[in-house]
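As structure tokens, the structure follows; a few thoughts come after it.
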Amino acid sequence: MKESKMKAFIENFKKYRFLLAELTKKDVKLKYRNSVLGFVWTLLEPLLTMIVLTIVFGTIMNRKTEHYSVYILTGRLLYSYFSTGTKQALRSIRRNAGMIRKVYVPKYMYPLAASMSSFTTFLFSLVVLVIVAGVQGMRPTIYLFGAVVPLVNAFVMVTAIGFLLATLDVFFRDLEYIWNVVTMMIMYMSAIFYEADALLDSAYGFLIRYNPLYALITNFRNAVYGRPLEGFYLVYPLVFSVITLVVAVWFFNKKQDRFVLYI
Amino acid sequence: MKKDTILRVENVGIRFRMANQKVDSLKDYVIKMAKRELRYREFWALKDITFQLKAGERLGILGLNGAGKSTLLKIIAGVLKPSEGSVQLNGKIVPLLELGAGFDGQYTGAENIFLYGAMLGYSKAFLKEKFDEIVEFSELGDFINVPLKNYSSGMKARLGFSIATIVEPEILILDEVLSVGDAKFKKKSEKKIKDMFDKGITVLFVSHSIGQVRSLCDKAIILEKGRLIAQGDVETVTAIYEENINKIT
């Protein structure tokens, strides 16, 4: 029974995988279609924020972090992927309410496509990092390959949280506003523009240490700066993401038949 | 399942839950929960619906507003999941219900062909192959490369119809007789549907017009307040339906 269910699921996925590609492409394409700068904006936006943060914290507050602008950029790019990815997934079911009410489509396509399209945009935006790091005189090392681990992990984590939020959002409309506040909190707990060392030793250190996004950012920085990945920050977010994904998929699956009655 | 039975609807029922007051935010939910005011009223929009269709049969679904006709079609099309019972389908189904429900206004007509086609479960290769045929049938010409938000509603409907009918379905779902686009296109779309009929396709047809059901269908069912109150050949059932209506008025 279980096996045939799995088989039916795979068959169904195969039938609709073109839709998944279409939905993902649509999000990416339409995001920049109507702006003059188009795709350049994906690169310009993090670059400008980086400049502002470097001036404010680097020059005025006189921070001495090595390659401070790269430090900011690595954190900031991963964070903004996390924040936009989860927010897009959160809205994905209700945003597509018109379709869900009228055409049969496997519903997981919507949050999955939202997560995939924001990941695609994120990968494009990494070009900025390459340029800035190059200008700063940083050269890639063998450790750069390690970056794949936190990046793939980030995708799993955003997808997992996205599924959870998308399900809840159908029933609770105010979740969007709550999540905006939560992501802001996560931003301050992710050591994007400061170094966490001093804080990690304080009484509130656990807030940062057990923030899976901080773990991903740390290892991403390690890879970019030419250092090996740190074990705890590799295993912890992975375990966190896999558990969240299992829970999220179970929850989504359990509730999806009721979506159409609430949206 | 016997080989020639193409659609089997068995004991289908669907239960809707209506909250006395709409609770759709976490804030309301917590407050109502604390005050123990979370009460729901349940009702069955459909109950104990059982019927079968053989390949080539054309079923008319009759009933007053709110009888559950659209709900039944949505269950068969897979949009709604029944609370009990089952629907077994044996073939490709094309619901000509909400044409162009998946269209995106910012996309051009050409892009929408792939998006909407994907939504109906067609493959990329198939859509590429049929692309010209779709464009031609829709008569959109150069407008196919214009964003959809600049289309008239008739143009959108024409495109939707052209995409949805590009496959040869085994089962066609029709909600009322389609009137798509202008008189010329209407004639063309009617002809296309009639061609499908002639090929021996199975049809589910919802209508208020007894005349249309008589001329198009060979079987019929009547729904009343979510129950199936009559089924059989079209003459007998439409006669019952007429009688019922006369009783009310």
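Chains: A, B, ... in order of the structure tokens. Residues: from 1 per chain. Ligands: from 1, in order shown.
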
Non-local contacts of Gln88 in chain A (12 Å; only C-alpha atoms; under 3 positions in same chain excluded) as number ranges by chain: A: 24, 27-28, 31, 80-85, 91-96, 110-119, 158-159, 161-163, 165-166, 169, 176, 179-180

Those selected residues, please, written with N, CA, C and O atoms and delivered as a compact mmCIF listing (two decimals), in the first residue's frame.
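Contents of out.txt, as written:
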```txt
# COMPACT_ATOMS: atom_id res chain seq x y z
N THR A 24 8.65 28.29 -11.22
CA THR A 24 9.91 28.85 -10.73
C THR A 24 10.40 29.94 -11.67
O THR A 24 10.77 31.04 -11.25
N ASP A 27 8.39 33.31 -11.43
CA ASP A 27 8.75 34.19 -10.32
C ASP A 27 10.01 34.98 -10.62
O ASP A 27 10.07 36.18 -10.38
N VAL A 28 11.02 34.28 -11.13
CA VAL A 28 12.30 34.95 -11.40
C VAL A 28 12.14 35.97 -12.53
O VAL A 28 12.58 37.12 -12.42
N LYS A 31 9.95 39.09 -11.64
CA LYS A 31 10.48 39.93 -10.57
C LYS A 31 11.15 41.17 -11.16
O LYS A 31 11.11 42.24 -10.59
N SER A 80 19.27 37.62 3.49
CA SER A 80 18.16 38.11 2.67
C SER A 80 17.56 36.96 1.85
O SER A 80 16.37 36.98 1.56
N TYR A 81 18.35 35.96 1.52
CA TYR A 81 17.76 34.77 0.89
C TYR A 81 16.80 34.10 1.87
O TYR A 81 15.67 33.76 1.52
N PHE A 82 17.26 33.93 3.10
CA PHE A 82 16.41 33.29 4.11
C PHE A 82 15.10 34.06 4.27
O PHE A 82 14.02 33.49 4.27
N SER A 83 15.23 35.36 4.38
CA SER A 83 14.04 36.16 4.65
C SER A 83 13.09 36.22 3.45
O SER A 83 11.90 35.95 3.59
N THR A 84 13.60 36.50 2.25
CA THR A 84 12.68 36.56 1.10
C THR A 84 12.15 35.17 0.74
O THR A 84 10.99 35.02 0.37
N GLY A 85 12.99 34.16 0.85
CA GLY A 85 12.56 32.80 0.52
C GLY A 85 11.41 32.33 1.39
O GLY A 85 10.40 31.84 0.90
N ARG A 91 3.52 33.07 1.52
CA ARG A 91 2.37 33.61 0.79
C ARG A 91 1.93 32.72 -0.37
O ARG A 91 0.90 32.96 -0.97
N SER A 92 2.72 31.69 -0.69
CA SER A 92 2.52 30.99 -1.96
C SER A 92 1.14 30.36 -2.12
O SER A 92 0.56 30.40 -3.20
N ILE A 93 0.60 29.78 -1.07
CA ILE A 93 -0.70 29.13 -1.20
C ILE A 93 -1.80 30.16 -1.39
O ILE A 93 -2.63 30.06 -2.30
N ARG A 94 -1.78 31.18 -0.57
CA ARG A 94 -2.88 32.16 -0.67
C ARG A 94 -2.76 33.00 -1.93
O ARG A 94 -3.75 33.43 -2.50
N ARG A 95 -1.52 33.22 -2.37
CA ARG A 95 -1.33 34.02 -3.56
C ARG A 95 -1.87 33.29 -4.78
O ARG A 95 -2.32 33.90 -5.74
N ASN A 96 -1.82 31.98 -4.75
CA ASN A 96 -2.31 31.19 -5.88
C ASN A 96 -3.71 30.65 -5.64
O ASN A 96 -4.12 29.68 -6.27
N TYR A 110 3.45 24.91 -5.27
CA TYR A 110 3.50 26.35 -5.05
C TYR A 110 4.59 26.76 -4.07
O TYR A 110 5.44 27.58 -4.42
N PRO A 111 4.61 26.23 -2.83
CA PRO A 111 5.72 26.62 -1.94
C PRO A 111 7.08 26.16 -2.46
O PRO A 111 8.07 26.88 -2.30
N LEU A 112 7.11 25.01 -3.11
CA LEU A 112 8.39 24.52 -3.62
C LEU A 112 8.93 25.45 -4.72
O LEU A 112 10.12 25.80 -4.72
N ALA A 113 8.06 25.88 -5.61
CA ALA A 113 8.48 26.80 -6.66
C ALA A 113 8.92 28.13 -6.07
O ALA A 113 9.90 28.72 -6.53
N ALA A 114 8.21 28.59 -5.04
CA ALA A 114 8.59 29.86 -4.40
C ALA A 114 9.99 29.75 -3.81
O ALA A 114 10.83 30.64 -3.97
N SER A 115 10.25 28.61 -3.17
CA SER A 115 11.56 28.40 -2.56
C SER A 115 12.65 28.29 -3.63
O SER A 115 13.73 28.87 -3.50
N MET A 116 12.33 27.59 -4.71
CA MET A 116 13.33 27.41 -5.77
C MET A 116 13.64 28.71 -6.49
O MET A 116 14.79 28.98 -6.83
N SER A 117 12.62 29.53 -6.71
CA SER A 117 12.88 30.77 -7.44
C SER A 117 13.70 31.74 -6.60
O SER A 117 14.59 32.41 -7.12
N SER A 118 13.43 31.78 -5.28
CA SER A 118 14.24 32.70 -4.49
C SER A 118 15.67 32.18 -4.36
O SER A 118 16.62 32.97 -4.27
N PHE A 119 15.83 30.87 -4.38
CA PHE A 119 17.19 30.31 -4.35
C PHE A 119 17.95 30.67 -5.64
O PHE A 119 19.13 31.00 -5.61
N VAL A 158 15.17 26.68 4.15
CA VAL A 158 14.17 27.64 3.69
C VAL A 158 12.93 26.90 3.17
O VAL A 158 11.80 27.28 3.45
N THR A 159 13.16 25.81 2.44
CA THR A 159 12.03 25.03 1.93
C THR A 159 11.20 24.47 3.08
O THR A 159 9.97 24.56 3.08
N ILE A 161 11.00 25.44 6.31
CA ILE A 161 10.28 26.48 7.04
C ILE A 161 9.18 27.06 6.17
O ILE A 161 8.07 27.35 6.62
N GLY A 162 9.45 27.18 4.86
CA GLY A 162 8.46 27.69 3.92
C GLY A 162 7.20 26.84 3.88
O GLY A 162 6.09 27.37 3.89
N PHE A 163 7.35 25.54 3.87
CA PHE A 163 6.19 24.65 3.86
C PHE A 163 5.36 24.80 5.13
O PHE A 163 4.13 24.82 5.10
N LEU A 165 5.23 27.44 7.10
CA LEU A 165 4.58 28.75 7.12
C LEU A 165 3.43 28.82 6.13
O LEU A 165 2.37 29.37 6.43
N ALA A 166 3.62 28.23 4.94
CA ALA A 166 2.57 28.26 3.92
C ALA A 166 1.30 27.58 4.44
O ALA A 166 0.19 28.05 4.22
N ASP A 169 -0.28 29.76 7.20
CA ASP A 169 -0.79 31.03 6.67
C ASP A 169 -2.20 30.89 6.12
O ASP A 169 -2.97 31.84 6.11
N GLU A 176 1.79 36.47 8.50
CA GLU A 176 2.73 37.24 7.69
C GLU A 176 3.40 38.35 8.51
O GLU A 176 4.61 38.55 8.43
N TRP A 179 5.66 36.89 11.20
CA TRP A 179 6.91 36.37 10.62
C TRP A 179 7.87 37.51 10.26
O TRP A 179 9.09 37.36 10.37
N ASN A 180 7.32 38.65 9.83
CA ASN A 180 8.18 39.81 9.55
C ASN A 180 8.99 40.19 10.79
O ASN A 180 10.17 40.49 10.69
```

Neighbours of chain B in chain A at 10 Å, counting only C-alpha atoms, as a PyMOL selection string: chain A and resi 12+14-23+25-26+29-30+33-34+96+98-106+168-175+178+256-263

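With CA of Gly211 in chain B on one side and CA of Ser153 in chain B on the other, the separation reads 28.2 Å.
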
DSSP strand (DSSP E or B) residues within range 44-139 of chain B, as a ChimeraX atom specification: /B:44-54,58-63,84-89,93-96,108

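Between CA of Trp44 in chain B and CA of Lys225 in chain B lies a distance of 8.9 Å.
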
Shell of 7 Å around range 53-61 of chain B, only C-alpha atoms, local chain residues under 3 positions omitted, as number ranges by chain: B: 4-8, 69, 200-207, 213, 217-222

Requested write-out: C-alpha atoms of the selected residues, as a PDB file, in the first residue's frame:
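Saved file part38.pdb follows:
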```
ATOM      1  CA  ASP B   4     -15.886   0.169 -20.400  1.00  0.00           C
ATOM      2  CA  THR B   5     -16.736   2.015 -17.183  1.00  0.00           C
ATOM      3  CA  ILE B   6     -14.855   5.255 -17.483  1.00  0.00           C
ATOM      4  CA  LEU B   7     -16.066   7.107 -14.422  1.00  0.00           C
ATOM      5  CA  ARG B   8     -17.211   5.608 -11.177  1.00  0.00           C
ATOM      6  CA  LYS B  69     -23.660  20.601  -9.063  1.00  0.00           C
ATOM      7  CA  GLY B 200     -17.627   9.325 -28.758  1.00  0.00           C
ATOM      8  CA  ILE B 201     -16.183  11.242 -25.853  1.00  0.00           C
ATOM      9  CA  THR B 202     -17.674  10.966 -22.377  1.00  0.00           C
ATOM     10  CA  VAL B 203     -19.296  14.193 -21.235  1.00  0.00           C
ATOM     11  CA  LEU B 204     -20.427  15.657 -17.945  1.00  0.00           C
ATOM     12  CA  PHE B 205     -22.698  18.583 -18.581  1.00  0.00           C
ATOM     13  CA  VAL B 206     -24.222  20.940 -16.053  1.00  0.00           C
ATOM     14  CA  SER B 207     -27.093  23.088 -17.165  1.00  0.00           C
ATOM     15  CA  VAL B 213     -29.683  18.595 -21.635  1.00  0.00           C
ATOM     16  CA  CYS B 217     -27.122  14.096 -23.252  1.00  0.00           C
ATOM     17  CA  ASP B 218     -28.346  10.543 -23.130  1.00  0.00           C
ATOM     18  CA  LYS B 219     -28.309  10.127 -19.368  1.00  0.00           C
ATOM     19  CA  ALA B 220     -29.136  12.512 -16.554  1.00  0.00           C
ATOM     20  CA  ILE B 221     -29.127  12.895 -12.784  1.00  0.00           C
ATOM     21  CA  ILE B 222     -30.915  15.337 -10.515  1.00  0.00           C
TER      22      ILE B 222
END
```

A:Val52, A:Val182, A:Val156, A:Ala191 ranked by distance to Val239 in chain A, top pick (using only C-alpha atoms): A:Val156

Polymer residues at most 9 Å from Leu164 in chain A, only C-alpha atoms, same-chain spacing of 4 or more positions, as a list in words: Leu90, Thr159, Ala160, Leu168, Asp169, Thr244, Leu245, Val247, Ala248, Val249, Phe251 and Phe252 of chain A

Just to be explicit: take each residue in the selection above, keep N, CA, C and O atoms, and write the result as a tab-separated table (two decimals), in the first residue's frame.
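The result, written out as part07.tsv:
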```tsv
chain	number	residue	atom	x	y	z
A	90	LEU	N	5.70	31.49	2.29
A	90	LEU	CA	4.58	31.72	3.21
A	90	LEU	C	3.33	32.16	2.45
A	90	LEU	O	2.24	31.68	2.70
A	159	THR	N	13.16	25.81	2.44
A	159	THR	CA	12.03	25.03	1.93
A	159	THR	C	11.20	24.47	3.08
A	159	THR	O	9.97	24.56	3.08
A	160	ALA	N	11.89	23.90	4.06
A	160	ALA	CA	11.20	23.29	5.20
A	160	ALA	C	10.37	24.33	5.94
A	160	ALA	O	9.16	24.15	6.16
A	168	LEU	N	0.41	27.13	7.67
A	168	LEU	CA	-0.19	27.91	8.76
A	168	LEU	C	-0.86	29.17	8.23
A	168	LEU	O	-1.90	29.59	8.73
A	169	ASP	N	-0.28	29.76	7.20
A	169	ASP	CA	-0.79	31.03	6.67
A	169	ASP	C	-2.20	30.89	6.12
A	169	ASP	O	-2.97	31.84	6.11
A	244	THR	N	12.92	19.67	10.67
A	244	THR	CA	11.88	20.62	10.28
A	244	THR	C	11.20	20.19	8.99
A	244	THR	O	9.98	20.28	8.86
A	245	LEU	N	11.99	19.70	8.05
A	245	LEU	CA	11.42	19.29	6.76
A	245	LEU	C	10.43	18.14	6.94
A	245	LEU	O	9.34	18.15	6.37
A	247	VAL	N	8.73	17.32	9.64
A	247	VAL	CA	7.54	17.83	10.30
A	247	VAL	C	6.69	18.64	9.32
A	247	VAL	O	5.47	18.48	9.24
A	248	ALA	N	7.36	19.51	8.56
A	248	ALA	CA	6.64	20.41	7.65
A	248	ALA	C	5.89	19.63	6.57
A	248	ALA	O	4.73	19.91	6.28
A	249	VAL	N	6.56	18.64	5.99
A	249	VAL	CA	5.92	17.86	4.93
A	249	VAL	C	4.73	17.07	5.49
A	249	VAL	O	3.65	17.03	4.90
A	251	PHE	N	2.92	17.88	8.10
A	251	PHE	CA	1.89	18.86	8.44
A	251	PHE	C	1.16	19.36	7.18
A	251	PHE	O	-0.07	19.41	7.12
A	252	PHE	N	1.94	19.69	6.17
A	252	PHE	CA	1.38	20.17	4.91
A	252	PHE	C	0.47	19.12	4.29
A	252	PHE	O	-0.65	19.39	3.86
```
